[in-house]
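Participant: My structure is in entry.cif, and what it holds is mmCIF, C-alpha atoms:
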data_target
#
loop_
_atom_site.label_atom_id
_atom_site.label_comp_id
_atom_site.auth_asym_id
_atom_site.auth_seq_id
_atom_site.Cartn_x
_atom_site.Cartn_y
_atom_site.Cartn_z
CA MET A 1243 7.59 32.62 15.28
CA SER A 1244 9.08 34.16 12.15
CA GLU A 1245 7.29 32.43 9.29
CA ARG A 1246 3.83 33.79 8.59
CA GLU A 1247 0.96 33.02 6.28
CA HIS A 1248 -0.67 36.13 4.79
CA LEU A 1249 -4.31 35.87 3.76
CA THR A 1250 -5.61 38.52 1.36
CA TYR A 1251 -9.23 39.50 0.91
CA SER A 1252 -9.10 37.98 -2.57
CA GLN A 1253 -7.86 34.67 -1.16
CA PHE A 1254 -10.56 34.86 1.49
CA GLY A 1255 -13.19 35.02 -1.26
CA ASP A 1256 -11.67 31.94 -2.92
CA ALA A 1257 -11.59 30.14 0.44
CA VAL A 1258 -15.28 30.81 1.09
CA ILE A 1259 -16.28 29.40 -2.30
CA ASP A 1260 -14.09 26.34 -1.76
CA LEU A 1261 -15.52 25.70 1.71
CA ALA A 1262 -19.10 26.21 0.48
CA HIS A 1263 -18.49 23.61 -2.24
CA GLN A 1264 -17.06 21.18 0.33
CA ILE A 1265 -20.13 21.64 2.52
CA LYS A 1266 -22.60 21.23 -0.37
CA LYS A 1267 -20.77 18.16 -1.65
CA SER A 1268 -21.06 16.54 1.79
CA ASP A 1269 -24.87 17.02 1.76
CA PHE A 1270 -24.73 18.82 5.12
CA LYS A 1271 -27.56 21.34 5.28
CA PRO A 1272 -27.11 23.71 8.20
CA GLU A 1273 -30.10 25.64 9.48
CA ILE A 1274 -27.87 28.09 11.35
CA VAL A 1275 -24.31 29.34 10.90
CA LEU A 1276 -22.70 29.99 14.28
CA SER A 1277 -19.68 32.29 14.06
CA ILE A 1278 -17.05 32.20 16.77
CA ALA A 1279 -16.22 35.83 17.45
CA ARG A 1280 -14.20 37.59 16.47
CA GLY A 1281 -12.18 35.77 13.83
CA GLY A 1282 -15.10 33.63 12.72
CA PHE A 1283 -17.40 36.62 12.05
CA PHE A 1284 -16.15 37.04 8.51
CA LEU A 1285 -16.20 33.38 7.55
CA GLY A 1286 -19.59 32.74 9.15
CA ALA A 1287 -21.25 35.66 7.38
CA ALA A 1288 -19.69 34.79 4.02
CA LEU A 1289 -20.62 31.10 4.31
CA GLY A 1290 -24.17 32.08 5.25
CA TYR A 1291 -24.47 33.98 1.98
CA ALA A 1292 -22.69 31.30 -0.07
CA LEU A 1293 -24.90 28.52 1.31
CA GLY A 1294 -28.14 30.52 1.37
CA VAL A 1295 -28.45 30.19 5.17
CA LYS A 1296 -30.11 33.28 6.59
CA ASN A 1297 -30.09 32.30 10.27
CA SER A 1298 -26.89 33.28 12.01
CA PHE A 1299 -25.66 33.23 15.57
CA THR A 1300 -22.52 34.46 17.31
CA MET A 1301 -20.63 33.12 20.28
CA SER A 1302 -17.77 35.16 21.70
CA VAL A 1303 -14.79 33.20 22.97
CA GLU A 1304 -11.47 34.64 24.14
CA PHE A 1305 -8.33 32.54 23.97
CA TYR A 1306 -5.57 34.39 22.10
CA THR A 1307 -4.29 37.57 23.70
CA GLY A 1308 -1.46 38.27 21.21
CA ILE A 1309 0.77 36.62 18.64
CA ASP A 1310 1.21 33.08 19.91
CA GLU A 1311 0.03 34.22 23.37
CA ARG A 1312 -3.07 32.71 24.92
CA LEU A 1313 -4.99 32.26 28.12
CA PRO A 1314 -4.61 28.90 29.91
CA MET A 1315 -7.98 27.87 28.41
CA PRO A 1316 -10.64 29.49 26.19
CA VAL A 1317 -13.39 31.44 27.95
CA VAL A 1318 -16.94 32.14 26.75
CA LEU A 1319 -17.51 35.90 27.00
CA PRO A 1320 -20.82 37.46 27.98
CA PRO A 1321 -23.48 37.49 26.94
CA VAL A 1322 -23.43 33.70 27.26
CA PRO A 1323 -25.75 32.23 24.62
CA ASN A 1324 -29.11 30.86 25.72
CA LYS A 1325 -29.17 27.20 24.70
CA VAL A 1326 -32.88 27.28 23.96
CA ASP A 1327 -32.12 29.51 20.95
CA LEU A 1328 -30.49 26.63 19.04
CA ASN A 1329 -32.39 23.71 20.54
CA GLY A 1330 -32.65 20.88 17.98
CA ALA A 1331 -30.92 22.85 15.21
CA THR A 1332 -28.40 21.68 12.63
CA VAL A 1333 -25.48 24.07 13.07
CA LEU A 1334 -22.37 24.95 11.08
CA ILE A 1335 -19.71 26.38 13.41
CA ALA A 1336 -17.36 28.80 11.62
CA ASP A 1337 -13.98 30.05 12.83
CA ASP A 1338 -10.88 31.47 11.23
CA VAL A 1339 -8.38 28.87 12.45
CA ALA A 1340 -8.19 25.62 14.38
CA ASP A 1341 -4.84 26.30 16.04
CA SER A 1342 -4.85 24.35 19.28
CA GLY A 1343 -8.46 23.35 18.57
CA GLU A 1344 -9.44 24.21 22.13
CA THR A 1345 -11.88 26.96 21.09
CA LEU A 1346 -13.70 24.66 18.68
CA ARG A 1347 -13.80 21.95 21.32
CA LEU A 1348 -15.26 24.36 23.89
CA VAL A 1349 -17.97 25.52 21.48
CA GLU A 1350 -18.88 21.99 20.38
CA GLU A 1351 -19.07 20.83 24.01
CA PHE A 1352 -21.17 23.87 24.96
CA TRP A 1353 -23.84 22.91 22.41
CA ARG A 1354 -23.65 19.10 22.83
CA GLY A 1355 -27.03 17.72 23.87
CA THR A 1356 -28.79 20.91 22.76
CA VAL A 1357 -28.39 20.98 18.99
CA LYS A 1358 -29.22 18.16 16.61
CA GLU A 1359 -25.86 18.19 14.80
CA THR A 1360 -22.79 20.38 14.46
CA ARG A 1361 -20.06 20.49 11.88
CA THR A 1362 -17.10 22.84 11.80
CA ALA A 1363 -15.58 24.96 9.03
CA VAL A 1364 -12.29 26.83 9.28
CA LEU A 1365 -10.04 28.70 6.93
CA TYR A 1366 -6.91 27.13 8.42
CA GLU A 1367 -6.10 24.03 10.43
CA LYS A 1368 -2.84 23.61 12.31
CA PRO A 1369 -1.25 20.18 12.81
CA ARG A 1370 -1.51 20.40 16.61
CA SER A 1371 -5.28 21.00 16.67
CA VAL A 1372 -7.06 18.65 19.08
CA VAL A 1373 -10.19 18.98 16.92
CA LYS A 1374 -10.27 17.83 13.31
CA PRO A 1375 -12.55 20.33 11.56
CA ASP A 1376 -15.05 18.92 9.08
CA TYR A 1377 -14.25 21.52 6.40
CA VAL A 1378 -10.81 23.11 5.96
CA TRP A 1379 -9.50 25.44 3.27
CA ARG A 1380 -5.77 25.14 4.06
CA LYS A 1381 -3.43 23.52 6.53
CA THR A 1382 -0.41 25.35 7.92
CA ASP A 1383 1.87 25.46 10.92
CA LYS A 1384 2.61 29.18 10.43
CA TRP A 1385 1.15 32.17 12.26
CA ILE A 1386 -1.64 33.55 10.06
CA GLU A 1387 -2.11 37.23 9.35
CA PHE A 1388 -5.71 37.90 8.44
CA PRO A 1389 -6.50 41.10 6.49
CA TRP A 1390 -9.06 42.20 9.09
CA SER A 1391 -6.74 41.86 12.09
CA THR A 1392 -3.32 43.08 10.97
CA GLY A 1393 -3.91 46.79 11.61
CA MET A 1394 -4.04 48.53 14.95
CA PRO A 1395 -7.41 49.61 16.40
CA ILE A 1396 -8.32 53.22 15.65
CA ASN A 1397 -8.21 55.32 18.79
#
Mind turning this structure into structure tokens?

Facilitator:
Amino acid sequence: MSEREHLTYSQFGDAVIDLAHQIKKSDFKPEIVLSIARGGFFLGAALGYALGVKNSFTMSVEFYTGIDERLPMPVVLPPVPNKVDLNGATVLIADDVADSGETLRLVEEFWRGTVKETRTAVLYEKPRSVVKPDYVWRKTDKWIEFPWSTGMPIN
């Protein structure tokens, strides 16, 4: 995969404002922003501030293991969330990208029957995604380089 989309921190700020406006315009009022870790941490926190939602939650899911390399299916990592924590809540699920859409699908299915309503917000949506996110900043078929994940971990 040679073509890449490069997101800057400045563009990220613009994306958050755009997504927050989309959410407000739709009259969706989340009580909780659930970030899918790790890529969704940044978007979830920023949307929480932009929308004035103080309650946040994190769910760790592993799927991608490298550039265009993934596990056969996404896996919820421990600690597995306790469903009672979000019982009856209206939840905005935030992630960086809906690539295959399998991670979003897993998270939505995990909470189905527990929460009152979920909607999803992503920075990027890929054409092959099996889930159509409710709020999308951009669509692309390129590999995305996020400013928080392009460097190597510090050892």

Participant: I'd like the contact shell of Ser1302 (chain A) - 10 Å cut-off, all atoms listed in the file, skipping same-chain residues fewer than 5 positions apart - returned as a PyMOL selection string.

Facilitator: chain A and resi 1277-1283+1317-1323+1349

Participant: Select, from A:Glu1304, A:Asp1260, A:Glu1247, A:Asp1269, the residue with the minimum atom-to-atom distance to Lys1368 (chain A), counting only C-alpha atoms.

Facilitator: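 Smallest distance to Lys1368 (chain A) is found for A:Glu1247.
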
Participant: CA of Trp1379 (chain A) to CA of Asp1338 (chain A): how many Å, to one decimal?

Facilitator: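 A separation of 10.1 Å between them.
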
Participant: The PyMOL selection byres ((chain A and resi 1371) around 12) on the file shown: which residues, as number ranges by chain?

Facilitator: A: 1339-1347, 1364, 1366-1370, 1372-1375, 1381-1383

Participant: Using only C-alpha atoms, which of A:Asn1324, A:Lys1384, A:Tyr1377, A:Phe1254 sits nearest Lys1266 (chain A)?

Facilitator: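 Checking each candidate against Lys1266 (chain A), we get A:Tyr1377 as the closest.
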
Participant: When the PyMOL selection byres ((chain A and resi 1289) around 9) is applied to the file above, which residues end up in the set, as a PyMOL selection string?

Facilitator: chain A and resi 1258-1259+1261-1262+1275+1284-1288+1290-1295+1336

Participant: Would you mind telling me which residue in A:Met1301, A:Lys1271, A:Trp1390, A:Pro1395 lies nearest to Phe1352 (chain A) when using only C-alpha atoms?

Facilitator: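 When distances to Phe1352 (chain A) are compared using only C-alpha atoms, the smallest one comes from A:Met1301.
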